[in-house]
Structure formats: structure tokens, C-alpha cells
>>> print(open('target_29.csv').read())   # CSV, C-alpha atoms
chain,number,residue,atom,x,y,z
P,2,MET,CA,96.4,240.7,192.4
P,3,ASN,CA,97.0,238.5,195.4
P,4,ARG,CA,99.4,239.4,198.2
P,5,ASP,CA,101.4,236.2,197.5
P,6,ASP,CA,101.8,236.2,193.7
P,7,PRO,CA,103.9,233.8,191.6
P,8,LEU,CA,105.3,236.9,189.8
P,9,LEU,CA,105.8,239.1,192.7
P,10,GLY,CA,106.7,236.4,195.3
P,11,PRO,CA,105.7,236.2,198.9
P,12,ALA,CA,104.4,239.2,200.7
P,13,GLY,CA,106.1,238.4,204.0
P,14,PRO,CA,109.7,238.2,205.1
P,15,GLU,CA,111.6,235.2,203.7
P,16,VAL,CA,114.9,233.5,204.2
P,17,SER,CA,117.6,233.4,201.5
P,18,CYS,CA,118.3,230.4,199.3
P,19,GLU,CA,121.4,229.6,201.3
P,20,ARG,CA,119.6,229.7,204.6
P,21,CYS,CA,116.8,227.7,203.1
P,22,PHE,CA,119.2,224.9,202.2
P,23,GLU,CA,120.7,225.0,205.7
P,24,LEU,CA,117.3,224.4,207.3
P,25,LEU,CA,115.9,222.1,204.6
P,26,ASP,CA,116.5,218.9,206.5
P,27,GLU,CA,115.1,220.3,209.7
P,28,LEU,CA,112.0,221.6,207.9
P,29,VAL,CA,111.4,218.2,206.3
P,30,GLU,CA,111.6,216.3,209.5
P,31,LEU,CA,109.4,218.8,211.3
P,32,GLU,CA,106.8,218.5,208.6
P,33,LEU,CA,106.9,214.7,208.5
P,34,ALA,CA,106.5,214.7,212.3
P,35,GLY,CA,103.4,216.9,212.0
P,36,ALA,CA,105.0,219.9,213.8
P,37,ASP,CA,104.2,223.5,213.0
P,38,ALA,CA,107.2,224.0,210.8
P,39,GLY,CA,106.0,227.3,209.5
P,40,THR,CA,106.1,228.8,213.0
P,41,LEU,CA,109.3,227.1,214.1
P,42,LEU,CA,111.2,228.1,211.1
P,43,PRO,CA,109.9,231.5,210.1
P,44,GLY,CA,110.5,232.7,206.6
P,45,MET,CA,111.0,229.2,205.2
P,46,ARG,CA,107.5,228.7,203.9
P,47,GLU,CA,107.5,232.1,202.3
P,48,HIS,CA,110.8,231.4,200.6
P,49,LEU,CA,109.6,228.1,199.2
P,50,GLN,CA,106.6,230.0,197.8
P,51,GLY,CA,108.8,232.4,196.0
P,52,CYS,CA,111.6,230.2,194.9
P,53,PRO,CA,110.6,227.2,192.7
P,54,ALA,CA,114.0,225.6,192.8
P,55,CYS,CA,114.2,225.5,196.6
P,56,ARG,CA,110.6,224.3,196.7
P,57,GLU,CA,111.5,221.4,194.4
P,58,ASP,CA,114.4,220.6,196.6
P,59,PHE,CA,112.2,220.6,199.6
P,60,GLU,CA,109.6,218.4,197.9
P,61,SER,CA,112.2,215.9,196.8
P,62,LEU,CA,113.8,215.6,200.2
P,63,ARG,CA,110.4,215.3,201.9
P,64,ASP,CA,109.2,212.6,199.5
P,65,TYR,CA,112.5,210.7,199.6
P,66,VAL,CA,112.7,210.7,203.4
P,67,ALA,CA,109.1,209.7,203.6
P,68,GLN,CA,109.4,206.8,201.2
P,69,ALA,CA,112.7,205.7,202.9
P,70,GLY,CA,110.8,205.6,206.2
P,71,GLU,CA,113.4,207.7,207.9
P,72,ALA,CA,111.3,210.3,209.6
H,25,MET,CA,119.1,216.7,219.1
H,26,VAL,CA,121.7,214.5,217.5
H,27,ARG,CA,120.5,210.9,217.4
H,28,ASP,CA,122.7,208.0,218.0
H,29,ASP,CA,123.1,206.8,214.4
H,30,SER,CA,123.9,210.4,213.5
H,31,HIS,CA,126.7,210.4,216.1
H,32,ALA,CA,128.0,207.2,214.6
H,33,TRP,CA,128.0,208.5,211.1
H,34,VAL,CA,129.9,211.7,212.0
H,35,ALA,CA,132.4,209.8,214.2
H,36,ALA,CA,133.0,207.2,211.5
H,37,LEU,CA,133.5,209.9,208.8
H,38,ARG,CA,136.0,211.6,211.0
H,39,GLY,CA,137.6,208.4,212.2
H,40,PRO,CA,140.8,206.7,211.1
H,41,ASP,CA,141.0,204.3,208.2
H,42,PRO,CA,139.6,201.8,207.5
H,43,VAL,CA,136.6,203.0,209.5
H,44,ARG,CA,136.4,206.3,207.5
H,45,SER,CA,136.8,204.6,204.2
H,46,ARG,CA,134.0,202.1,205.0
H,47,ALA,CA,131.7,205.0,206.2
H,48,GLN,CA,132.4,206.9,203.0
H,49,ALA,CA,131.6,203.8,200.9
H,50,ASP,CA,128.3,203.2,202.9
H,51,LEU,CA,127.4,206.9,202.5
H,52,HIS,CA,128.1,206.8,198.8
H,53,VAL,CA,125.6,204.0,198.4
H,54,LEU,CA,123.0,206.1,200.1
H,55,LEU,CA,123.8,209.2,198.1
H,56,LEU,CA,123.7,207.4,194.8
H,57,ARG,CA,120.3,205.9,195.7
H,58,ALA,CA,119.0,209.4,196.5
H,59,ALA,CA,120.5,210.9,193.3
H,60,ARG,CA,118.8,208.2,191.2
H,61,PHE,CA,115.5,208.8,192.9
H,62,GLU,CA,115.8,212.5,192.0
H,63,LEU,CA,116.7,211.9,188.4
H,64,GLY,CA,113.9,209.3,188.2
H,65,ARG,CA,111.4,212.0,189.3
H,66,ARG,CA,112.6,214.3,186.6
H,67,ARG,CA,112.7,211.6,183.9
H,68,ALA,CA,109.9,213.3,182.0
H,69,THR,CA,112.1,216.4,181.4
H,70,LEU,CA,115.0,214.2,180.4
H,71,THR,CA,113.5,211.9,177.8
H,72,HIS,CA,116.2,212.9,175.3
H,73,VAL,CA,119.0,211.6,177.7
H,74,PRO,CA,120.0,208.0,177.3
H,75,TYR,CA,119.7,205.9,180.5
H,76,GLY,CA,123.5,205.4,180.7
H,77,GLU,CA,124.1,209.1,180.6
H,78,LEU,CA,121.4,209.6,183.2
H,79,ASP,CA,123.1,207.1,185.5
H,80,ASP,CA,126.4,208.9,184.9
H,81,LEU,CA,124.7,212.1,186.1
H,82,ALA,CA,123.5,210.2,189.3
H,83,THR,CA,127.1,209.0,189.9
H,84,GLN,CA,128.5,212.5,189.4
H,85,ALA,CA,125.8,214.0,191.7
H,86,ALA,CA,126.6,211.4,194.4
H,87,ALA,CA,130.3,212.2,194.1
H,88,ASP,CA,129.7,216.0,194.3
H,89,ALA,CA,127.4,215.5,197.2
H,90,MET,CA,130.1,213.5,199.0
H,91,VAL,CA,132.7,216.2,198.5
H,92,ALA,CA,130.2,218.8,199.8
H,93,ILE,CA,129.2,216.7,202.8
H,94,LEU,CA,132.8,216.0,203.9
H,95,ALA,CA,133.6,219.7,203.5
H,96,LYS,CA,130.6,220.8,205.6
H,97,LEU,CA,130.7,218.0,208.2
H,98,ASP,CA,131.4,220.4,210.9
H,99,SER,CA,128.3,222.4,210.1
H,100,PHE,CA,126.0,219.4,210.8
H,101,ARG,CA,124.1,220.6,213.9
H,102,GLY,CA,122.1,217.5,214.6
H,103,GLU,CA,118.8,219.2,214.1
H,104,SER,CA,117.8,216.3,211.8
H,105,ARG,CA,119.0,212.8,211.2
H,106,PHE,CA,122.5,212.7,209.6
H,107,THR,CA,121.0,210.8,206.6
H,108,THR,CA,118.3,213.5,206.1
H,109,TRP,CA,121.0,216.1,206.2
H,110,ALA,CA,123.2,214.1,203.8
H,111,TYR,CA,120.4,213.3,201.3
H,112,LYS,CA,119.7,217.0,200.7
H,113,PHE,CA,123.1,217.4,199.2
H,114,ALA,CA,122.6,214.5,196.8
H,115,LEU,CA,119.1,215.6,195.8
H,116,LEU,CA,120.3,219.2,195.3
H,117,GLU,CA,123.2,218.0,193.1
H,118,ALA,CA,121.0,215.7,191.1
H,119,GLY,CA,118.3,218.3,190.7
H,120,VAL,CA,120.7,221.0,189.5
H,121,LYS,CA,122.2,218.6,187.0
H,122,ALA,CA,118.8,217.6,185.8
H,123,ARG,CA,117.6,221.1,185.3
H,124,ARG,CA,120.8,222.1,183.4
H,125,LYS,CA,120.6,218.9,181.3
H,126,ALA,CA,117.0,219.6,180.4
H,127,TRP,CA,118.0,223.1,179.2
H,128,GLN,CA,121.2,222.1,177.5
H,129,GLY,CA,121.4,223.8,174.1
H,130,ARG,CA,118.2,225.8,174.7
H,131,GLU,CA,118.3,229.6,174.4
H,132,ILE,CA,117.4,231.5,177.6
H,133,PRO,CA,114.5,233.8,176.9
H,134,LEU,CA,115.4,237.2,178.2
H,135,GLU,CA,112.7,239.1,176.2
H,136,ASP,CA,109.4,240.0,177.7
H,137,ASP,CA,107.2,238.2,175.1
H,138,ALA,CA,105.6,236.4,177.9
H,139,TRP,CA,103.4,239.4,178.7
H,140,ALA,CA,101.0,238.5,175.9
H,141,VAL,CA,100.7,234.9,177.3
H,142,LEU,CA,100.0,236.3,180.8
H,143,ALA,CA,97.4,238.7,179.5
H,144,ASP,CA,95.6,235.8,177.8
H,145,ALA,CA,96.0,233.4,180.6
H,146,SER,CA,93.0,232.0,182.4
H,147,PRO,CA,92.7,232.8,186.1
H,148,SER,CA,93.2,229.2,187.0
H,149,ALA,CA,96.4,229.1,185.1
H,150,HIS,CA,98.0,232.1,186.7
H,151,GLN,CA,95.6,232.7,189.6
H,152,VAL,CA,96.6,236.3,189.9
H,153,LEU,CA,97.0,238.7,187.1
H,154,LEU,CA,93.4,239.0,186.4
H,155,ASP,CA,93.2,242.7,186.0
H,156,SER,CA,94.5,244.3,182.8
H,157,GLU,CA,95.1,247.5,184.6
H,158,THR,CA,97.3,245.8,187.1
H,159,LEU,CA,99.1,243.9,184.3
H,160,ARG,CA,99.8,247.2,182.5
H,161,ALA,CA,101.0,248.8,185.7
H,162,LEU,CA,103.3,245.8,186.3
H,163,LYS,CA,104.7,245.9,182.8
H,164,ARG,CA,105.3,249.6,183.1
H,165,ALA,CA,107.0,249.2,186.4
H,166,VAL,CA,109.3,246.5,185.0
H,167,GLN,CA,110.4,248.9,182.4
H,168,THR,CA,110.7,252.0,184.6
H,169,GLU,CA,111.6,250.8,188.1
H,170,LEU,CA,114.1,248.0,187.5
H,171,THR,CA,117.8,248.1,186.6
H,172,GLN,CA,118.7,246.4,183.4
H,173,HIS,CA,120.1,243.4,185.3
H,174,GLN,CA,117.0,243.2,187.5
H,175,ARG,CA,114.8,243.4,184.5
H,176,ALA,CA,116.6,240.6,182.7
H,177,VAL,CA,116.5,238.4,185.8
H,178,PHE,CA,112.9,239.1,186.5
H,179,VAL,CA,111.9,238.4,182.9
H,180,ALA,CA,113.8,235.2,182.7
H,181,LEU,CA,112.9,233.7,186.1
H,182,ALA,CA,109.4,235.1,186.9
H,183,LEU,CA,108.0,235.7,183.4
H,184,ASN,CA,109.6,233.0,181.4
H,185,GLU,CA,110.1,230.5,184.2
H,186,VAL,CA,113.7,229.7,183.3
H,187,PRO,CA,115.1,227.4,186.1
H,188,ILE,CA,117.2,229.6,188.4
H,189,ASP,CA,120.1,227.1,188.3
H,190,VAL,CA,120.2,227.2,184.5
H,191,LEU,CA,120.3,231.0,184.5
H,192,ALA,CA,122.9,231.0,187.2
H,193,GLU,CA,125.1,228.7,185.1
H,194,ARG,CA,124.7,230.9,182.0
H,195,LEU,CA,125.4,234.1,183.9
H,196,GLU,CA,128.2,232.5,186.0
H,197,THR,CA,126.6,233.3,189.3
H,198,THR,CA,124.8,231.5,192.0
H,199,ARG,CA,121.2,230.6,192.8
H,200,GLY,CA,121.4,232.7,195.9
H,201,ALA,CA,122.7,235.8,194.2
H,202,LEU,CA,120.1,235.6,191.4
H,203,TYR,CA,117.3,235.1,193.9
H,204,LYS,CA,118.5,238.2,195.8
H,205,THR,CA,118.3,240.1,192.5
H,206,LEU,CA,114.8,238.7,191.9
H,207,HIS,CA,113.7,239.6,195.4
H,208,ASP,CA,114.9,243.1,195.1
H,209,ALA,CA,113.1,243.5,191.8
H,210,ARG,CA,109.9,242.1,193.2
H,211,ARG,CA,110.1,244.5,196.1
H,212,LYS,CA,110.4,247.4,193.8
H,213,LEU,CA,107.5,246.2,191.7
H,214,ARG,CA,105.3,245.7,194.7
H,215,ALA,CA,106.0,249.3,195.8
H,216,ALA,CA,105.3,250.6,192.3
H,217,LEU,CA,102.1,248.6,192.1
H,218,THR,CA,100.9,249.8,195.5
H,219,ASP,CA,101.2,253.3,194.2
H,220,ALA,CA,99.7,252.6,190.8
H,221,VAL,CA,96.7,250.4,191.6
H,222,PRO,CA,94.1,250.7,194.3
H,223,MET,CA,95.0,247.6,196.4
H,224,THR,CA,97.5,246.9,199.0
H,225,LEU,CA,100.6,244.8,198.4
H,226,ALA,CA,102.8,244.3,201.3
H,227,GLY,CA,106.5,244.0,200.6
H,228,GLY,CA,108.8,241.1,201.9
H,229,GLU,CA,112.4,241.2,202.9
H,230,THR,CA,115.1,238.7,202.7
>>> encode(input="target_29.csv", output="C-alpha cells")
Amino acid sequence: MNRDDPLLGPAGPEVSCERCFELLDELVELELAGADAGTLLPGMREHLQGCPACREDFESLRDYVAQAGEA
Amino acid sequence: MVRDDSHAWVAALRGPDPVRSRAQADLHVLLLRAARFELGRRRATLTHVPYGELDDLATQAAADAMVAILAKLDSFRGESRFTTWAYKFALLEAGVKARRKAWQGREIPLEDDAWAVLADASPSAHQVLLDSETLRALKRAVQTELTQHQRAVFVALALNEVPIDVLAERLETTRGALYKTLHDARRKLRAALTDAVPMTLAGGET
């Protein structure tokens, strides 16, 4: 069994869904700018790994902002 | 840092009429476009929904997003563009509505029949639960370590992959509260598995 398992979730510390939503726009812009978002926003990557709904929200915002050319 | 256009958006949305009304109308256009984008992405799960009803969902999502944005305008910290910050509300509202619509009328599986599927799954499909001993230990831990509520939430979300927003609606709770329950359940299961099987599983914290 892997440390980061879809059933058991991320092994490391993670933010809550509420905190994830607060930081989602920042994470997207950092990612689209090529910054090391995982280091700058600790716990976000881990949460997105464990929470499919927040991960979908992240992917939607990233893709929408990217196609809108706003980053 | 807040960018100039973000300053302009916030100032206009806080300004007097007709500036505020015009800003809200402009923002509504952006939110509706984002909501339609999200529902378009999820079209495959909504094939049973007529186009008109889908567009109504987009309109409702944009309206709900507008309410949330205006209520939370003071929390905009300028760490991103205002439009990126605003889009996330529209995409969230549209995504939640789409998930709930896709599951409308469907029963939520709260039983653990999915164990058999997991046991038969190929490694590429599940990537993880390769070892029957581990699977047995996990199944045992779900029965012995979790509270009834934790077990129901774990089985629905992790085993049966019920969307968390759908379960939240049925249980009249929130995504965050359910995820906290899932997180606590996962932490217990990790601890139990660390004791039960000869491999190390580090536990996370929210």
C-alpha cells in the first residue's frame, strides 16, 4: 500500500476544504505562473490529493483561467 | 499584491449606484460564462438533463456566486486577480449543482459491497490495494476502529466514490464537515494498518 492512497488519503498534513477554497485562486495563479505552489502553500497539494471535489474545483479554475488568458 | 483592475472591481462593487449596478451586471456576465464552462465540462454526466434546464442551472450558479462574492468582498485579499477570485465561486456553485443533478434520484450506497470490487481490481485501476492481507486488515479496521458515522462516510466517499457534495446534501451537512470525518477515519485506519501490516504508513493531520 502506498503512503498516499486514494482510500487512505494523503500521508502528510493537509489543509481543510474551507482553507483550500480560500487559497484556490492563489494556488491557480501560482501554478500558471510556474511558481512552486506546493512549497508556497503547504498542505494544499496534499488536500487536493485526498479530496476529489476540491481537486475538481482546482482543475476547473486552473483550466478556465488558462483558457481565458487571465494568468 | 492587488492589481489595478482588481482595485477597480472592488471599488465599483462597493461604490454608489449606478456604478455598483453596472459593476454587478458586468460581473454577472463573467460569472455566467464561467458557470456555463463548468457545466459544459460536466456535460457527459448530465446527458439526461435538457439544455434549457442546464442553462437554468448556470444562471442559478451565477446568481448564487454573486451573492457569495458580495457577502465575502471584504475577504478578498488581493493575492490573485479579482476575476480569478470571483470565478472560483461560480465554478464551485456550478460544480456542486452539476454533481447533485447527476445524482438526483440515485440511492447513496452506504454498504461496503465495494470491497469485492477492490479485491478484484487490477493494480492500474486502484494502484494501491494490491495485497490481500492489507485489504483484509483494512476491511477489519473499518469495522472495528471507526464509529458508525465514520464508517458510513468512509464507505460512501472512499469506497463507493459518492461525490462529497451529494452526500453532504443528503446528510444535511457541509463538504468541510464530511471531509473532516473522512480525514479522522483515514487517520484511524492508517494507525490500525501500521500495527497490522509490516509497512509504514505515516498519518496526516488537517
>>> atom_distance(input="target_29.csv", atom1="atom CA of Leu159 of chain H", atom2="atom CA of Leu217 of chain H")
9.6 Å
>>> atom_distance(input="target_29.csv", atom1="atom CA of Ala118 of chain H", atom2="atom CA of Gln84 of chain H")
8.3 Å
>>> interface_residues(input="target_29.csv", of="chain P", to="chain H", cutoff="9 Å", atoms="all atoms listed in the file", output="count of residues only")
44
>>> closest_residue(input="target_29.csv", among="H:Glu193, H:Asp29, H:Asp41, H:Asp208", to="His173 of chain H", atoms="all atoms listed in the file")
H:Asp208
>>> atom_distance(input="target_29.csv", atom1="atom CA of Thr71 of chain H", atom2="atom CA of Gln128 of chain H")
12.8 Å
>>> closest_residue(input="target_29.csv", among="H:Leu54, H:Ser30, H:Asp98, H:Ala49", to="Ala69 of chain P", atoms="all atoms listed in the file")
H:Leu54
